[in-house]
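Notes follow the structure.
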Amino acid sequence: MLYFLRLKENLLSYLACSNCDGSLDLNVSNAEDGEIMEGELRCSSCAAAFPITSGIPRFANLENVESDKRATAAGFGWQWQHFTQEDERYAEQLLGWLAPVTPEFFRDKVVLEGGCGKGRHTQLAARWGAAEVIGIDLSVAVETAFAATRSMPNAHIIQADIYHLPLRRRFDYAFSIGVLHHLPDPRGGFVSLASKVKPGGHLSAWIYGAENNEWITRFVNPVREKITSRIDQRALLQLSKIPAACLFLATKLVYGPLNKNGPGLGKHLFYNDYLSSIAPFGWREQHTIVFDHLVAPTAFYISRAEFETWWCDIGASDVSIGWHNKNSWRGMGVVK
Ligand SMILES: C[S@@+](CC[C@H](N)C(=O)[O-])C[C@H]1O[C@@H](n2cnc3c(N)ncnc32)[C@H](O)[C@@H]1O
Ligand SMILES: [Zn+2]
């Protein structure tokens, strides 16, 4: 019973006031099976108070955030409360986004995930032996992430805005997958995440690329911006089944078979690197991918040259940037 209480106290040593960086005092009003479910964190310097509800410390109030961030959080929050499935391929997929990071890299590290969604990667980091992993997200996806990681003593979820992280600079490693390009200022989110990594610690980020995605920026973006990100998510769930069905048939009947024994004939196909990479996923996962692309009000497609400037801006060393599936950029570097 005391185990979970200790877990939350572990978390406390990483938290700081998101207004003034002051230290936080904990008041517990309800603990269930030893885990703090309701309570409050109060800043000892500026007296700001942050509630803990349903087991999650809440540093962001969606009523008060800027409207563009709120719209993004609404779409993704709904998405990750609906598409809660797990898939055995998530580990391999995550390693593709994080390369050259391996599961062993996580061992004994204190890890931060910026924009954890339903917690699938927080879960993997905890499973791969992180000393502690803290997943933060602005949206109600934190409810799903909390449920997914609740039984893991080294995993913690908090609701926070990536621009106002309520955290001390105590992380050995921070990563962010598919989040920064959905922010109003992607570079600003990247810098904020980096600011929580200890000097000499590592940072990884994966973002949509501008290169090879002209067909998306020209034809899909106008539909996403004007229609699909604005309609009710339940309607989008149904509507997105049409492109998802086309994708599913193409990957199962064409891309999968033609790439079965290596690229071979497949290499002549449109967008082959990416589409063959998702061919093994089943219907639900492919539907999630399509929904995910259509629900976001904000999505930037970022060039390699621009991505490189982010790493320069934080003074990172040993930076390695790779073109992933010929449609996105993954980067890793050491924080100054
Ligand atoms: C495409 S999802 C990716 C989730 C997760 N990284 C994954 O790959 O499964 C983008 C996530 O970023 C979160 N997000 C968007 N804006 C954010 C912000 N300002 N601060 C923190 N999280 C944010 C969304 O709520 C959403 O869960
Ligand atoms: Zn404060």
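Ordering of the structure tokens sets the chain letters (A, B, ...), residue numbers begin anew at 1 in every chain, and ligands are numbered from 1 in the order given.
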Q.
Could you list, as JSON, numbers by chain, all protein and nucleic acid residues with an atom at most 7 Å from ligand 1, counting only C-alpha atoms and all ligand atoms?
A. {"A": [69, 72, 73, 76, 77, 80, 114, 115, 116, 117, 118, 119, 120, 121, 136, 137, 138, 139, 141, 160, 161, 162, 163, 176, 177, 178, 179, 182, 183, 292]}
Q: Please identify every polymer residue within 8 Å of ligand 2, using only C-alpha atoms and all ligand atoms, and present the set as a PyMOL selection string.
A: chain A and resi 16-24+42-48
Q: Just the residues within 8 Å of Tyr274 of chain A, please, counting only C-alpha atoms, with nothing from its chain fewer than 5 positions along; format it as a PyMOL selection string.
A: chain A and resi 325-327
Q: as number ranges by chain, please: all residues of segment 12-202 of chain A that backbone DSSP puts in strand (DSSP E).
A: A: 24-32, 35-43, 49-53, 56-57, 110-114, 132-137, 155-159, 171-177, 197-202
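Restricting the calculation to only C-alpha atoms, the smallest distance between Pro100 of chain A and any of A:Asn259, A:Thr144, A:Asn30, A:Ser204 is found for A:Ser204.
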Q: Using only C-alpha atoms, determine which residues lie at most 8 Å from Ala194 of chain A, disregarding the query and same-chain residues fewer than 5 positions distant; provide the list as a PyMOL selection string.
A: chain A and resi 174+203+314+335
(Q) Show me, as a VMD selection string, the residues that have an atom within 8 Å of Trp283 of chain A when counting only C-alpha atoms, minus same-chain residues fewer than 3 positions from it. (A) chain A and resid 248 286 to 287
Q.
Under the rule that only C-alpha atoms are counted, which of A:Glu285, A:Glu40, A:Ser229, A:Val28 is the nearest residue to Glu88 of chain A?
A. A:Glu285
